[in-house]
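Report on the following structure.
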Amino acid sequence: MKTIFSWQSPKENSENTGSYDAINVILNHDFSKGLHLRHTNCCNVFVVPACSSNYKGVTEDIGCSYTIITNCTESWKGLQQDFTSRISAGCVYIVSARVVVSEKSITKEGWQVLKGSLSLPTLPDQVAFYLEGPSPGFNLLTKLVIITCPSLTDYEVNKLRGSCTDDERIIINTNFDDKLNSWSGKGFKVVCHDCMTDGNINPISGKYFASTIERTQSWNKIQQNIIGRVKQKLACELIAIVRLHGHNANSANVRGTLLVQAADDRDST
């Protein structure tokens, strides 16, 4: 699959690409670790470290490294990274990179933003990213390569549904499709909804979601017993989609807690 990109000037695209780092599927996106996790495809590549001398008049971006790709004999040869294990089918990803095309003379255009999108209906055996072009004889400077899902909910819902099978999933009834089956509230009431506030709050996916009411303590929580579904020394990943609702509910500290009860009934978290 090939994605078509369009050129934009820095003025036309002034968004802060660094804000996407948390869910960027490209590792070492800013080349701070040199060419780690990158593969050179029939070309020569070297890294210009942050705060070093400028390359042929390119404006310095303090604190940001970049690569220079040279000696490509074909436009499709370049620097690539495999990210098959870090992408999910069904999500729309935004792709962006800052680039400069240079011949022998000093560049005049400066850094340009290359931007596009990609979506995979099904996950193939391999997914790799590289920048195609320019024509042989030109050098390509690259920095800040980012591939990210613009909505955390899109990314995390897909992870909830697609990252493991039902046999591997520790939490049962994750999307509340079976309403509150397997869930309970500790110290308060849990209610299942198909919508709230006259349709202004709806499920991210599926038909239902759960809400908490009449909470009086921070430890009042919605919970599920997972005894028999966890294993010793096995690292697990927890993802949950939450929303605050109520008076002055602008921010809050929300945590996922694992409660472990010993044989003598003592609890630890």
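Chain labels follow the order of the structure tokens: the first chain is A, the next B, and so on; residue numbering restarts at 1 in every chain, and ligands are counted from 1 in their shown order.
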Problem set entry | Contact residues around Val101 in chain A with only C-alpha atoms at 7 Å, ignoring same-chain residues under 3 positions, as a list in words |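 In the requested form, the answer reads Phe138, Asn139, Leu140 and Leu141 of chain A.
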Convert the current residue selection to file output with all heavy atoms, as a CSV table (one decimal), in the first residue's frame.
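Generated output (out-v4.csv):
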chain,number,residue,atom,x,y,z
A,138,PHE,N,20.0,14.0,-5.7
A,138,PHE,CA,19.6,14.9,-4.7
A,138,PHE,C,19.8,14.3,-3.3
A,138,PHE,O,19.7,13.0,-3.2
A,138,PHE,CB,18.2,15.4,-4.8
A,138,PHE,CG,17.9,16.3,-6.0
A,138,PHE,CD1,17.7,15.8,-7.3
A,138,PHE,CD2,17.9,17.6,-5.8
A,138,PHE,CE1,17.5,16.6,-8.3
A,138,PHE,CE2,17.7,18.5,-6.9
A,138,PHE,CZ,17.5,18.0,-8.2
A,139,ASN,N,20.0,15.1,-2.3
A,139,ASN,CA,20.1,14.6,-0.9
A,139,ASN,C,18.8,14.9,-0.2
A,139,ASN,O,18.1,15.9,-0.5
A,139,ASN,CB,21.2,15.2,-0.2
A,139,ASN,CG,22.6,14.9,-0.8
A,139,ASN,OD1,22.7,13.8,-1.4
A,139,ASN,ND2,23.5,15.8,-0.6
A,140,LEU,N,18.4,14.0,0.7
A,140,LEU,CA,17.2,14.2,1.5
A,140,LEU,C,17.5,14.3,2.9
A,140,LEU,O,18.1,13.4,3.5
A,140,LEU,CB,16.2,13.0,1.2
A,140,LEU,CG,14.8,13.1,1.9
A,140,LEU,CD1,14.0,14.3,1.4
A,140,LEU,CD2,14.0,11.8,1.7
A,141,LEU,N,17.2,15.4,3.6
A,141,LEU,CA,17.3,15.6,5.0
A,141,LEU,C,16.0,15.4,5.7
A,141,LEU,O,15.0,15.8,5.2
A,141,LEU,CB,17.8,17.0,5.3
A,141,LEU,CG,19.3,17.4,5.0
A,141,LEU,CD1,19.6,17.3,3.5
A,141,LEU,CD2,19.6,18.8,5.5
For this session: Please provide as a ChimeraX atom specification all residues within 10 Å of range 125-132 of chain A, with the sequence filter that same-chain residues fewer than 3 positions apart are discarded (counting only C-alpha atoms).
Result: /A:1-2,5,26,38-41,74-87,95,97,99,114,120,122,135,140,142,145,147
Exercise. Between A:Asn44, A:Ser251, A:Ser211, A:Asn71, which is the closest to His193 in chain A once you count only C-alpha atoms?
Worked result: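 Looking at the shortest contact to His193 in chain A, the residue is A:Ser211.
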Problem set entry | Selection near Leu234 in chain A, 12 Å with only C-alpha atoms, sequence-local residues under 3 positions removed, as a PyMOL selection string | chain A and resi 168+170+229-231+237
For this session: Show which residues sit within 8 Å of range 221-224 of chain A, as a VMD selection string. Count only C-alpha atoms, and ignore same-chain residues fewer than 3 positions away.
Result: chain A and resid 171 182 to 188 190 212 218
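Atom pair CA of Ile146 in chain A / CA of Cys72 in chain A: separated by 22.9 Å.
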Exercise. Between A:Asn253, A:Ser32, A:Asn202, A:Asn181, which is the closest to Asn225 in chain A once you count only C-alpha atoms?
Worked result: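 With only C-alpha atoms as the atom set, the closest residue is A:Asn181.
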Problem set entry | Option closest in space to Val191 in chain A, from A:Val92, A:Val47, A:Ile172, A:Ala210 [counting only C-alpha atoms] |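 Ranking A:Val92, A:Val47, A:Ile172, A:Ala210 by distance to Val191 in chain A, first place goes to A:Ala210.
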Problem set entry | Separation of CA of Val242 in chain A from CA of Phe209 in chain A, in Å and rounded to one decimal |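 Computed distance, CA of Val242 in chain A to CA of Phe209 in chain A, equals 9.9 Å.
Among A:Lys189, A:Gly206, A:Gly90, A:Lys143, the residue with the shortest atom-to-atom distance to Asp177 in chain A, counting only C-alpha atoms, is A:Gly206.
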Exercise. Given the choices A:Leu118, A:Leu244, A:Val260, A:Val113, which gets closest to Ile201 in chain A if the distance is worked out from only C-alpha atoms?
Worked result: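 Nearest candidate to Ile201 in chain A out of A:Leu118, A:Leu244, A:Val260, A:Val113: A:Leu244.
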